[in-house]
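Participant: Structure: protein_13.cif, mmCIF, C-alpha atoms.
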```cif
data_coords
#
loop_
_atom_site.group_PDB
_atom_site.id
_atom_site.type_symbol
_atom_site.label_atom_id
_atom_site.label_comp_id
_atom_site.auth_asym_id
_atom_site.auth_seq_id
_atom_site.Cartn_x
_atom_site.Cartn_y
_atom_site.Cartn_z
ATOM 1 C CA MET S 7 9.366 128.607 48.241
ATOM 2 C CA THR S 8 5.992 129.885 46.958
ATOM 3 C CA ASP S 9 2.945 128.436 48.631
ATOM 4 C CA ILE S 10 0.494 127.648 45.859
ATOM 5 C CA SER S 11 -2.503 127.845 48.202
ATOM 6 C CA MET S 12 -1.776 131.564 48.577
ATOM 7 C CA PRO S 13 -3.963 133.681 46.273
ATOM 8 C CA PHE S 14 -2.050 135.262 43.423
ATOM 9 C CA TYR S 15 -2.455 138.976 42.892
ATOM 10 C CA THR S 16 -3.132 138.644 39.239
ATOM 11 C CA ASN S 17 -6.208 138.495 37.104
ATOM 12 C CA HIS S 18 -4.376 136.587 34.419
ATOM 13 C CA SER S 19 -5.112 132.872 34.651
ATOM 14 C CA ALA S 20 -2.291 131.852 32.281
ATOM 15 C CA LEU S 21 0.168 133.576 34.567
ATOM 16 C CA THR S 22 -1.321 131.810 37.601
ATOM 17 C CA ASP S 23 -0.834 128.506 35.810
ATOM 18 C CA PHE S 24 2.719 129.506 35.143
ATOM 19 C CA PHE S 25 3.435 130.219 38.830
ATOM 20 C CA GLU S 26 1.914 126.891 39.775
ATOM 21 C CA PHE S 27 3.994 125.128 37.153
ATOM 22 C CA HIS S 28 7.160 126.854 38.339
ATOM 23 C CA HIS S 29 6.346 125.883 41.918
ATOM 24 C CA LEU S 30 5.863 122.245 40.926
ATOM 25 C CA MET S 31 9.195 122.319 39.085
ATOM 26 C CA GLU S 32 10.961 123.651 42.143
ATOM 27 C CA LYS S 33 9.211 121.261 44.500
ATOM 28 C CA ASN S 34 10.194 118.288 42.348
ATOM 29 C CA GLN S 35 13.609 119.737 41.602
ATOM 30 C CA ILE S 36 13.146 119.649 37.859
ATOM 31 C CA VAL S 37 16.216 121.363 36.437
ATOM 32 C CA MET S 38 15.153 121.151 32.829
ATOM 33 C CA THR S 39 12.002 120.340 30.925
ATOM 34 C CA TYR S 40 11.102 120.323 27.261
ATOM 35 C CA ALA S 41 7.805 119.435 25.624
ATOM 36 C CA GLY S 42 6.887 119.611 21.979
ATOM 37 C CA GLU S 43 8.324 118.430 18.735
ATOM 38 C CA PHE S 44 11.398 116.192 18.897
ATOM 39 C CA SER S 45 13.888 115.877 16.049
ATOM 40 C CA GLN S 46 17.588 115.174 15.586
ATOM 41 C CA SER S 47 18.335 118.889 15.436
ATOM 42 C CA LEU S 48 16.404 119.464 18.667
ATOM 43 C CA THR S 49 18.270 116.510 20.227
ATOM 44 C CA LYS S 50 21.585 118.204 19.388
ATOM 45 C CA THR S 51 20.390 121.502 20.865
ATOM 46 C CA LEU S 52 19.207 119.913 24.125
ATOM 47 C CA LEU S 53 22.451 117.935 24.429
ATOM 48 C CA SER S 54 24.623 120.959 23.959
ATOM 49 C CA PHE S 55 22.518 122.980 26.415
ATOM 50 C CA THR S 56 22.697 120.237 29.067
ATOM 51 C CA GLU S 57 26.432 119.736 28.612
ATOM 52 C CA LYS S 58 27.087 123.437 29.123
ATOM 53 C CA LYS S 59 24.761 123.645 32.101
ATOM 54 C CA PHE S 60 26.354 120.690 33.898
ATOM 55 C CA SER S 61 29.928 121.626 33.105
ATOM 56 C CA MET S 62 29.283 124.990 34.807
ATOM 57 C CA GLU S 63 27.786 123.243 37.812
ATOM 58 C CA ASP S 64 30.679 121.088 38.897
ATOM 59 C CA VAL S 65 29.014 117.786 38.025
ATOM 60 C CA GLU S 66 31.588 114.993 37.915
ATOM 61 C CA ASP S 67 32.817 114.178 34.423
ATOM 62 C CA ILE S 68 31.807 110.524 34.587
ATOM 63 C CA VAL S 69 28.272 111.463 35.755
ATOM 64 C CA ARG S 70 27.983 114.063 32.994
ATOM 65 C CA ARG S 71 28.921 111.436 30.433
ATOM 66 C CA LYS S 72 26.288 109.053 31.741
ATOM 67 C CA ILE S 73 23.634 111.794 31.594
ATOM 68 C CA PHE S 74 24.688 112.574 28.018
ATOM 69 C CA ASN S 75 24.603 108.884 26.991
ATOM 70 C CA ILE S 76 21.179 108.219 28.438
ATOM 71 C CA MET S 77 19.761 111.494 27.100
ATOM 72 C CA VAL S 78 20.771 110.551 23.562
ATOM 73 C CA GLU S 79 18.970 107.208 23.800
ATOM 74 C CA LEU S 80 15.825 108.740 25.325
ATOM 75 C CA LEU S 81 15.644 111.681 22.903
ATOM 76 C CA GLN S 82 16.362 109.618 19.789
ATOM 77 C CA ASN S 83 13.856 107.049 20.941
ATOM 78 C CA ILE S 84 11.214 109.794 21.107
ATOM 79 C CA SER S 85 12.099 111.318 17.746
ATOM 80 C CA LYS S 86 12.036 107.886 16.068
ATOM 81 C CA ASN S 87 9.123 106.215 17.808
ATOM 82 C CA ALA S 88 6.649 108.737 19.182
ATOM 83 C CA LEU S 89 3.221 108.514 17.613
ATOM 84 C CA ASP S 90 2.380 111.620 15.650
ATOM 85 C CA ASN S 91 -0.675 113.533 16.841
ATOM 86 C CA GLY S 92 -0.938 115.608 13.704
ATOM 87 C CA PRO S 93 0.148 119.227 13.428
ATOM 88 C CA GLU S 94 -2.963 120.672 15.123
ATOM 89 C CA SER S 95 -2.773 118.737 18.376
ATOM 90 C CA THR S 96 -0.620 119.655 21.334
ATOM 91 C CA GLU S 97 -2.288 117.046 23.513
ATOM 92 C CA HIS S 98 -0.089 114.171 24.702
ATOM 93 C CA SER S 99 2.978 115.704 23.128
ATOM 94 C CA PRO S 100 6.295 114.119 24.148
ATOM 95 C CA VAL S 101 8.098 115.444 27.212
ATOM 96 C CA PHE S 102 11.690 115.198 28.404
ATOM 97 C CA MET S 103 12.794 116.249 31.896
ATOM 98 C CA ILE S 104 15.849 116.201 34.113
ATOM 99 C CA GLY S 105 15.328 116.164 37.857
ATOM 100 C CA GLU S 106 17.943 116.429 40.557
ATOM 101 C CA SER S 107 17.969 115.352 44.176
ATOM 102 C CA LYS S 108 20.734 115.360 46.777
ATOM 103 C CA ASP S 109 22.342 112.138 45.586
ATOM 104 C CA CYS S 110 21.113 111.520 42.045
ATOM 105 C CA PHE S 111 19.874 112.810 38.717
ATOM 106 C CA LEU S 112 16.633 111.560 37.200
ATOM 107 C CA LEU S 113 16.100 111.510 33.444
ATOM 108 C CA ILE S 114 12.436 111.223 32.539
ATOM 109 C CA SER S 115 10.704 110.988 29.199
ATOM 110 C CA SER S 116 7.116 110.444 28.227
ATOM 111 C CA ASN S 117 5.662 109.909 24.782
ATOM 112 C CA LYS S 118 2.620 108.419 23.120
ATOM 113 C CA ILE S 119 3.013 104.924 21.716
ATOM 114 C CA SER S 120 0.762 102.461 19.964
ATOM 115 C CA ASN S 121 -0.668 99.866 22.383
ATOM 116 C CA GLU S 122 0.696 97.004 20.283
ATOM 117 C CA HIS S 123 4.235 98.067 21.317
ATOM 118 C CA ILE S 124 3.495 97.728 25.024
ATOM 119 C CA PRO S 125 3.961 93.942 25.523
ATOM 120 C CA PRO S 126 7.483 93.682 23.992
ATOM 121 C CA LEU S 127 8.559 96.921 25.667
ATOM 122 C CA GLN S 128 7.280 95.815 29.067
ATOM 123 C CA LYS S 129 8.913 92.409 28.641
ATOM 124 C CA ARG S 130 12.283 94.022 27.857
ATOM 125 C CA LEU S 131 12.012 96.479 30.785
ATOM 126 C CA ASP S 132 11.114 93.713 33.253
ATOM 127 C CA GLN S 133 13.949 91.598 31.875
ATOM 128 C CA VAL S 134 16.624 94.303 32.328
ATOM 129 C CA ASN S 135 15.281 95.103 35.803
ATOM 130 C CA SER S 136 15.738 91.459 36.803
ATOM 131 C CA LEU S 137 19.365 91.195 35.630
ATOM 132 C CA ASP S 138 22.624 92.006 37.411
ATOM 133 C CA THR S 139 25.636 93.731 35.812
ATOM 134 C CA GLU S 140 26.987 90.557 34.209
ATOM 135 C CA GLY S 141 23.529 89.508 32.984
ATOM 136 C CA LEU S 142 23.018 92.905 31.349
ATOM 137 C CA ARG S 143 26.455 92.684 29.720
ATOM 138 C CA GLN S 144 25.634 89.303 28.178
ATOM 139 C CA LEU S 145 22.176 90.445 27.044
ATOM 140 C CA TYR S 146 23.614 93.604 25.449
ATOM 141 C CA LYS S 147 26.194 91.602 23.478
ATOM 142 C CA GLN S 148 23.631 89.073 22.338
ATOM 143 C CA VAL S 149 20.972 91.602 21.281
ATOM 144 C CA ARG S 150 23.516 93.794 19.482
ATOM 145 C CA MET S 151 24.953 90.845 17.578
ATOM 146 C CA ASN S 152 21.509 89.770 16.385
ATOM 147 C CA ALA S 153 20.018 93.242 15.839
ATOM 148 C CA SER S 154 18.861 94.151 12.383
ATOM 149 C CA PHE S 155 18.841 97.820 11.477
ATOM 150 C CA SER S 156 15.104 98.136 11.381
ATOM 151 C CA LYS S 157 15.042 97.097 15.007
ATOM 152 C CA VAL S 158 18.003 99.073 16.341
ATOM 153 C CA GLY S 159 16.550 101.818 18.491
ATOM 154 C CA GLY S 160 13.314 99.902 18.933
ATOM 155 C CA ALA S 161 12.280 98.094 22.088
ATOM 156 C CA GLY S 162 15.681 96.667 22.674
ATOM 157 C CA ILE S 163 19.282 97.642 22.768
ATOM 158 C CA GLY S 164 18.775 101.256 23.933
ATOM 159 C CA ILE S 165 16.962 100.106 27.056
ATOM 160 C CA ILE S 166 19.684 97.577 27.888
ATOM 161 C CA ASP S 167 22.357 100.233 27.389
ATOM 162 C CA MET S 168 20.540 102.723 29.644
ATOM 163 C CA ALA S 169 20.116 100.066 32.355
ATOM 164 C CA ARG S 170 23.858 99.317 32.219
ATOM 165 C CA LYS S 171 24.858 102.976 32.460
ATOM 166 C CA SER S 172 22.367 103.717 35.231
ATOM 167 C CA ASN S 173 23.083 100.815 37.625
ATOM 168 C CA HIS S 174 19.565 101.279 38.997
ATOM 169 C CA THR S 175 16.171 99.757 38.292
ATOM 170 C CA ILE S 176 14.300 101.524 35.491
ATOM 171 C CA ASP S 177 10.883 102.894 36.530
ATOM 172 C CA TYR S 178 8.224 102.923 33.846
ATOM 173 C CA HIS S 179 4.510 103.482 33.409
ATOM 174 C CA PHE S 180 1.898 103.065 30.676
ATOM 175 C CA LEU S 181 -1.119 105.393 30.879
ATOM 176 C CA PRO S 182 -3.929 104.563 28.417
ATOM 177 C CA VAL S 183 -4.942 107.503 26.206
ATOM 178 C CA ASP S 184 -7.597 105.747 24.125
ATOM 179 C CA ASP S 185 -8.266 102.277 22.680
ATOM 180 C CA HIS S 186 -5.165 102.370 20.509
ATOM 181 C CA ALA S 187 -2.512 104.411 22.300
ATOM 182 C CA SER S 188 -0.893 105.013 25.672
ATOM 183 C CA MET S 189 1.573 107.438 27.191
ATOM 184 C CA PHE S 190 4.796 105.567 27.919
ATOM 185 C CA SER S 191 6.828 107.169 30.704
ATOM 186 C CA ILE S 192 10.271 106.049 31.741
ATOM 187 C CA GLN S 193 12.588 107.253 34.499
ATOM 188 C CA ILE S 194 16.314 106.525 34.650
ATOM 189 C CA LYS S 195 18.324 107.226 37.787
ATOM 190 C CA ILE S 196 22.003 108.185 37.829
ATOM 191 C CA SER S 197 23.848 108.348 41.149
ATOM 192 C CA LYS S 198 26.081 111.349 41.715
ATOM 193 C CA ASN S 199 28.911 109.203 43.055
ATOM 194 C CA MET Y 1275 42.143 102.418 -3.138
ATOM 195 C CA ASN Y 1276 40.022 105.502 -2.578
ATOM 196 C CA VAL Y 1277 40.683 107.923 0.238
ATOM 197 C CA ILE Y 1278 37.824 108.585 2.646
ATOM 198 C CA SER Y 1279 38.024 111.839 4.532
ATOM 199 C CA ILE Y 1280 34.916 112.887 6.440
ATOM 200 C CA PRO Y 1281 35.207 115.877 8.783
ATOM 201 C CA ALA Y 1282 33.657 115.703 12.268
ATOM 202 C CA THR Y 1283 30.314 117.335 12.993
ATOM 203 C CA GLU Y 1284 28.353 117.810 16.204
ATOM 204 C CA ASP Y 1285 26.845 114.327 15.862
ATOM 205 C CA THR Y 1286 29.147 112.415 13.510
ATOM 206 C CA PRO Y 1287 32.799 111.364 13.865
ATOM 207 C CA LYS Y 1288 35.816 112.333 11.814
ATOM 208 C CA ILE Y 1289 36.755 109.433 9.559
ATOM 209 C CA SER Y 1290 40.062 109.111 7.726
ATOM 210 C CA LEU Y 1291 40.746 106.043 5.619
ATOM 211 C CA ASP Y 1292 43.838 107.116 3.781
ATOM 212 C CA PRO Y 1293 46.083 104.378 2.300
ATOM 213 C CA GLU Y 1294 48.505 106.929 0.785
ATOM 214 C CA ASN Y 1295 49.423 108.358 4.185
ATOM 215 C CA ASN Y 1296 48.739 105.136 6.053
ATOM 216 C CA ILE Y 1297 46.142 106.756 8.331
ATOM 217 C CA PHE Y 1298 43.054 104.796 9.337
ATOM 218 C CA GLU Y 1299 41.109 106.526 12.055
ATOM 219 C CA PHE Y 1300 37.658 107.123 13.523
ATOM 220 C CA SER Y 1301 37.460 109.911 16.116
ATOM 221 C CA GLY Y 1302 34.926 112.015 17.985
ATOM 222 C CA ARG Y 1303 31.239 111.419 18.547
ATOM 223 C CA SER Y 1304 28.878 109.173 16.682
ATOM 224 C CA LEU Y 1305 25.186 109.738 17.216
ATOM 225 C CA PRO Y 1306 23.648 110.297 13.787
ATOM 226 C CA GLU Y 1307 19.965 109.572 13.483
ATOM 227 C CA ASP Y 1308 20.481 107.544 10.321
ATOM 228 C CA VAL Y 1309 23.592 105.469 11.072
ATOM 229 C CA VAL Y 1310 23.192 103.231 8.043
ATOM 230 C CA SER Y 1311 23.498 105.965 5.439
ATOM 231 C CA PHE Y 1312 26.261 107.710 7.388
ATOM 232 C CA TYR Y 1313 28.464 104.575 7.522
ATOM 233 C CA GLN Y 1314 27.576 103.309 4.031
ATOM 234 C CA PRO Y 1315 30.730 104.788 2.375
ATOM 235 C CA VAL Y 1316 32.882 103.082 5.030
ATOM 236 C CA LEU Y 1317 31.263 99.693 4.417
ATOM 237 C CA GLU Y 1318 31.770 100.124 0.669
ATOM 238 C CA TRP Y 1319 35.403 101.080 1.263
ATOM 239 C CA LEU Y 1320 35.841 97.877 3.305
ATOM 240 C CA ASP Y 1321 34.471 95.807 0.398
ATOM 241 C CA GLU Y 1322 37.105 97.439 -1.762
ATOM 242 C CA LEU Y 1323 39.764 96.710 0.868
ATOM 243 C CA GLU Y 1324 38.816 93.043 0.881
ATOM 244 C CA ALA Y 1325 39.680 92.856 -2.811
ATOM 245 C CA ASN Y 1326 42.844 94.997 -2.417
ATOM 246 C CA PRO Y 1327 44.212 94.369 1.088
ATOM 247 C CA ILE Y 1328 46.803 96.701 2.621
ATOM 248 C CA ASP Y 1329 49.781 95.298 4.559
ATOM 249 C CA ASN Y 1330 49.920 95.753 8.337
ATOM 250 C CA MET Y 1331 47.099 98.233 8.705
ATOM 251 C CA GLU Y 1332 46.644 99.835 12.105
ATOM 252 C CA ILE Y 1333 43.117 101.148 12.613
ATOM 253 C CA ALA Y 1334 42.543 103.637 15.429
ATOM 254 C CA PHE Y 1335 39.224 104.207 17.172
ATOM 255 C CA LYS Y 1336 39.378 107.405 19.238
ATOM 256 C CA LEU Y 1337 35.692 107.758 19.912
ATOM 257 C CA GLU Y 1338 34.527 109.773 22.891
ATOM 258 C CA TYR Y 1339 30.923 108.704 22.613
ATOM 259 C CA PHE Y 1340 28.599 106.676 20.386
ATOM 260 C CA ASN Y 1341 24.899 105.829 20.560
ATOM 261 C CA THR Y 1342 23.592 102.254 20.536
ATOM 262 C CA ALA Y 1343 22.774 102.348 16.820
ATOM 263 C CA SER Y 1344 26.382 103.390 16.053
ATOM 264 C CA SER Y 1345 27.592 100.653 18.392
ATOM 265 C CA LYS Y 1346 25.985 98.094 16.075
ATOM 266 C CA LEU Y 1347 27.604 99.695 12.996
ATOM 267 C CA ILE Y 1348 31.039 99.752 14.677
ATOM 268 C CA LEU Y 1349 30.593 96.039 15.374
ATOM 269 C CA ASP Y 1350 29.829 95.448 11.680
ATOM 270 C CA ILE Y 1351 32.971 97.376 10.686
ATOM 271 C CA LEU Y 1352 35.116 95.365 13.132
ATOM 272 C CA LEU Y 1353 33.645 92.045 11.973
ATOM 273 C CA LYS Y 1354 34.367 92.980 8.369
ATOM 274 C CA LEU Y 1355 37.969 93.938 9.236
ATOM 275 C CA ASN Y 1356 38.270 90.671 11.143
ATOM 276 C CA ASP Y 1357 37.214 88.694 8.041
ATOM 277 C CA ILE Y 1358 39.929 90.440 6.045
ATOM 278 C CA TYR Y 1359 42.440 89.737 8.839
ATOM 279 C CA LEU Y 1360 41.493 86.044 8.862
ATOM 280 C CA ASN Y 1361 42.150 85.999 5.144
ATOM 281 C CA ASP Y 1362 45.859 86.245 5.934
ATOM 282 C CA ASN Y 1363 46.189 90.033 6.082
ATOM 283 C CA PRO Y 1364 47.904 91.054 9.323
ATOM 284 C CA MET Y 1365 46.331 94.152 10.901
ATOM 285 C CA LYS Y 1366 45.644 95.621 14.295
ATOM 286 C CA ILE Y 1367 42.995 97.691 16.100
ATOM 287 C CA LYS Y 1368 43.883 100.382 18.624
ATOM 288 C CA TRP Y 1369 40.976 101.377 20.857
ATOM 289 C CA TYR Y 1370 41.527 104.656 22.710
ATOM 290 C CA PHE Y 1371 39.566 105.664 25.812
ATOM 291 C CA MET Y 1372 39.837 108.419 28.397
ATOM 292 C CA GLU Y 1373 41.334 106.947 31.549
ATOM 293 C CA MET Y 1374 38.263 107.663 33.706
ATOM 294 C CA ASP Y 1375 35.793 106.424 31.134
ATOM 295 C CA VAL Y 1376 35.005 102.910 32.344
ATOM 296 C CA ASP Y 1377 32.032 102.595 29.976
ATOM 297 C CA LEU Y 1378 34.157 103.246 26.887
ATOM 298 C CA GLU Y 1379 36.917 100.939 28.126
ATOM 299 C CA GLU Y 1380 34.361 98.199 28.678
ATOM 300 C CA ALA Y 1381 32.888 98.802 25.209
ATOM 301 C CA GLY Y 1382 36.379 98.171 23.774
ATOM 302 C CA GLU Y 1383 36.813 95.001 25.818
ATOM 303 C CA GLU Y 1384 33.476 93.698 24.621
ATOM 304 C CA TYR Y 1385 34.372 94.289 20.983
ATOM 305 C CA SER Y 1386 37.735 92.580 21.469
ATOM 306 C CA GLU Y 1387 35.965 89.451 22.763
ATOM 307 C CA LEU Y 1388 34.065 89.154 19.481
ATOM 308 C CA ILE Y 1389 37.002 89.237 17.067
ATOM 309 C CA GLU Y 1390 40.271 87.349 16.647
ATOM 310 C CA MET Y 1391 42.578 90.098 15.366
ATOM 311 C CA PRO Y 1392 45.033 91.948 17.661
ATOM 312 C CA PHE Y 1393 43.123 94.557 19.672
ATOM 313 C CA GLU Y 1394 44.973 96.978 21.912
ATOM 314 C CA LEU Y 1395 43.202 99.107 24.548
ATOM 315 C CA VAL Y 1396 44.981 102.431 25.021
ATOM 316 C CA ALA Y 1397 44.153 104.758 27.956
ATOM 317 C CA TYR Y 1398 44.898 108.453 27.514
#
```
Mind turning this structure into C-alpha cells?
Facilitator:
Amino acid sequence: MTDISMPFYTNHSALTDFFEFHHLMEKNQIVMTYAGEFSQSLTKTLLSFTEKKFSMEDVEDIVRRKIFNIMVELLQNISKNALDNGPESTEHSPVFMIGESKDCFLLISSNKISNEHIPPLQKRLDQVNSLDTEGLRQLYKQVRMNASFSKVGGAGIGIIDMARKSNHTIDYHFLPVDDHASMFSIQIKISKN
Amino acid sequence: MNVISIPATEDTPKISLDPENNIFEFSGRSLPEDVVSFYQPVLEWLDELEANPIDNMEIAFKLEYFNTASSKLILDILLKLNDIYLNDNPMKIKWYFMEMDVDLEEAGEEYSELIEMPFELVAY
C-alpha cells in the first residue's frame, strides 16, 4: 500500500490529492463512492452497478439483497430530502459509500439537512437502536399503518426497515454546517454471514 | 371492467389486472420515486371492482423487491381488496417469495396478519 508520507514525484497538486484520496479509500476499504447530484435515474444506475459488481464477486445472494434494499432507502432518502445548495455550490454535496471489511459491508451516506429535522430523526434513530427484532417488527407495522404519503420516506419507516434488515445498531452523526443546517451521516452494517 | 396491463421497468413492477383472462398479478420490483402516481390506476381499478366484484379472484404477488414507500401502497391495495372480500366476495391472495428470502417471506406474513381474507405464502 502507498505510504502517503512519501513525497510524490509530481508537480501537480490535484494529482497528489488524488493519490491521497485513493490511499484513504484503500486504507478504509471503500469499494465504491459517489458524491454529487442524486436523482432517481442516478439511483437506478448505482443500483445496477452495485448488483453487477457484487454478483461477480461471489457475495451471498441474501447479503446482496440486503445491500440492495438498504441502498434504495439511503439513496432515495438523499434524492428526496437533501437540502439543495444551489447549482453553483459543490460544498457539502451528498455522498454515498460502500465499505467492506473481513466480516461485513458498511453502507454510508451523508447529506445536508435542515436543523429542524434533527430532533425527530435522532429520536427515531435512538428508538430503533434500543429495540430488539420483535420490537422493530411491531414498530414497523404500526408506523406503516399510520403513515401518510407526505411522510413516507421521511424520518420514519425507511430507518426502521434498514434497522430490521441490518440486525446491527445504526451509527449516525450530525455535523453543524451553519446556524440552519447540518451534515447528517449514517452508517448501516450488514454481516457477511 | 377495464384491463390494466403495465409492463415492468427497471424500477416498477409488471401489473396485470385482466378480468377477461382471469389474471391478477403484480410481479418484479417496485421502487418508483413517486409511488402514489404509479399506483393510482390500480387504486382506481379497485374502486371499480368494488362496484362490479368478480367471483373467486386469485391475486398473485410475485414481487422480488419493494421499497418502503411501495410497501405502504401494497398495504393499501390489500386493505382495499380485504374490504371487497368482507363484502361477501370470496377471493384469495397468493404471496410468492424466493425460498432463501426470509425478508420477503416475513413481509408476506406481516401483511397476512393485517387482513382477514385467505392468504397463501408460496415458496419457489
Participant: One decimal, in Å: what's the spacing between atom CA of Leu1291 of chain Y and atom CA of Leu1347 of chain Y?
Facilitator: 16.4 Å
Participant: Written as number ranges by chain, what is the full residue list that the PyMOL selection byres ((chain S) within 9 of (chain Y)) yields on the file shown?
Facilitator: S: 46, 50, 67-68, 71-72, 75, 78-79, 82, 86, 143, 147, 150-151, 153-155, 158-159, 163-164, 167, 171
Participant: Which residues are close to segment 1294-1302 of chain Y, i.e. within 6 Å by all atoms listed in the file, leaving aside same-chain residues fewer than 6 positions away? Reply as a PyMOL selection string.
Facilitator: chain Y and resi 1287-1288+1333-1338
Participant: Which residues come within 10 Å of Asn135 of chain S, counting all atoms listed in the file, excluding same-chain residues fewer than 3 positions away, as a list in words?
Facilitator: Lys129, Arg130, Leu131, Asp132, Asp138, Leu142, Ile166, Ala169, Asn173, His174, Thr175, Ile176 and Asp177 of chain S
Participant: Filtering to C-alpha atoms, could you give me those residues as a short mmCIF file (atom, residue, chain, number, x, y, z; two decimals), in the frame of the given file?
Facilitator:
```cif
data_model
loop_
_atom_site.label_atom_id
_atom_site.label_comp_id
_atom_site.auth_asym_id
_atom_site.auth_seq_id
_atom_site.Cartn_x
_atom_site.Cartn_y
_atom_site.Cartn_z
CA LYS S 129 8.91 92.41 28.64
CA ARG S 130 12.28 94.02 27.86
CA LEU S 131 12.01 96.48 30.78
CA ASP S 132 11.11 93.71 33.25
CA ASP S 138 22.62 92.01 37.41
CA LEU S 142 23.02 92.90 31.35
CA ILE S 166 19.68 97.58 27.89
CA ALA S 169 20.12 100.07 32.35
CA ASN S 173 23.08 100.82 37.62
CA HIS S 174 19.57 101.28 39.00
CA THR S 175 16.17 99.76 38.29
CA ILE S 176 14.30 101.52 35.49
CA ASP S 177 10.88 102.89 36.53
#
```
Participant: Please compute the atom CA of Lys59 of chain S-atom CA of Phe1371 of chain Y distance, one decimal, in Å.
Facilitator: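 That distance, rounded to one decimal, is 24.1 Å.
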Participant: Residue by residue, what does the PyMOL selection byres ((chain Y and resi 1367) around 7) grab here? Present the result as number ranges by chain.
Facilitator: Y: 1332-1334, 1366, 1368-1369, 1392-1394
Participant: So that I can see what lies close to Lys1354 of chain Y, please list as number ranges by chain the residues with an atom at most 10 Å from it, counting all atoms listed in the file and leaving out residues fewer than 5 positions away in the same chain.
Facilitator: Y: 1317, 1320-1321, 1323-1324, 1348-1349, 1359-1360, 1389
Participant: To one decimal place, how far is atom CA of Ala41 of chain S from atom CA of Ser99 of chain S in Å?
Facilitator: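 Distance between the two atoms: 6.6 Å.
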Participant: Env of Asp1362 of chain Y: 12 Å cut, atoms = all atoms listed in the file, seq-sep filter 6 positions within chain, self excluded. Answer as a ChimeraX atom specification.
Facilitator: /Y:1324,1327-1330,1355-1356,1391
Participant: Give, as lines of an AutoDock Vina configuration file, the centre coordinates and the x, y and z edge lengths in Å to one decimal for an axis-aligned box around all listed atoms of segment 1302-1321 of chain Y, padded by 8 Å on each side.
Facilitator:
```
center_x = 27.9
center_y = 103.9
center_z = 9.5
size_x = 31.9
size_y = 32.2
size_z = 34.1
```
Participant: With 8 Å as the threshold, what does the neighbourhood of (9.1, 117.3, 38.5) contain in terms of residues, counting all atoms listed in the file? Coordinates are those of the file; answer as a count of residues only.
Facilitator: 9
Participant: Output segment 162-174 of chain S as a short mmCIF file (atom, residue, chain, number, x, y, z; two decimals), in the frame of the given file, making sure N, CA, C and O atoms are there.
Facilitator:
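Listed below is the output, rebuild-v9.cif:
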```
data_model
loop_
_atom_site.label_atom_id
_atom_site.label_comp_id
_atom_site.auth_asym_id
_atom_site.auth_seq_id
_atom_site.Cartn_x
_atom_site.Cartn_y
_atom_site.Cartn_z
N GLY S 162 14.63 97.63 22.43
CA GLY S 162 15.68 96.67 22.67
C GLY S 162 16.95 97.21 23.23
O GLY S 162 17.07 97.49 24.43
N ILE S 163 17.91 97.42 22.34
CA ILE S 163 19.28 97.64 22.77
C ILE S 163 19.45 98.94 23.57
O ILE S 163 20.22 98.99 24.52
N GLY S 164 18.68 99.98 23.21
CA GLY S 164 18.77 101.26 23.93
C GLY S 164 18.42 101.10 25.40
O GLY S 164 19.09 101.65 26.28
N ILE S 165 17.39 100.31 25.67
CA ILE S 165 16.96 100.11 27.06
C ILE S 165 18.03 99.33 27.85
O ILE S 165 18.32 99.66 29.00
N ILE S 166 18.64 98.35 27.20
CA ILE S 166 19.68 97.58 27.89
C ILE S 166 20.87 98.49 28.20
O ILE S 166 21.43 98.46 29.30
N ASP S 167 21.23 99.32 27.22
CA ASP S 167 22.36 100.23 27.39
C ASP S 167 22.08 101.22 28.54
O ASP S 167 22.95 101.48 29.37
N MET S 168 20.88 101.77 28.57
CA MET S 168 20.54 102.72 29.64
C MET S 168 20.59 102.04 31.01
O MET S 168 21.07 102.63 31.98
N ALA S 169 20.10 100.80 31.08
CA ALA S 169 20.12 100.07 32.35
C ALA S 169 21.56 99.85 32.82
O ALA S 169 21.87 99.97 34.00
N ARG S 170 22.46 99.55 31.86
CA ARG S 170 23.86 99.32 32.22
C ARG S 170 24.50 100.59 32.72
O ARG S 170 25.27 100.58 33.69
N LYS S 171 24.22 101.71 32.08
CA LYS S 171 24.86 102.98 32.46
C LYS S 171 24.29 103.50 33.77
O LYS S 171 24.95 104.20 34.52
N SER S 172 23.02 103.19 34.04
CA SER S 172 22.37 103.72 35.23
C SER S 172 22.73 102.97 36.52
O SER S 172 22.87 103.57 37.57
N ASN S 173 22.87 101.65 36.43
CA ASN S 173 23.08 100.82 37.62
C ASN S 173 21.92 100.86 38.61
O ASN S 173 22.08 100.57 39.78
N HIS S 174 20.76 101.29 38.15
CA HIS S 174 19.57 101.28 39.00
C HIS S 174 18.42 100.65 38.21
O HIS S 174 18.47 100.58 36.98
#
```
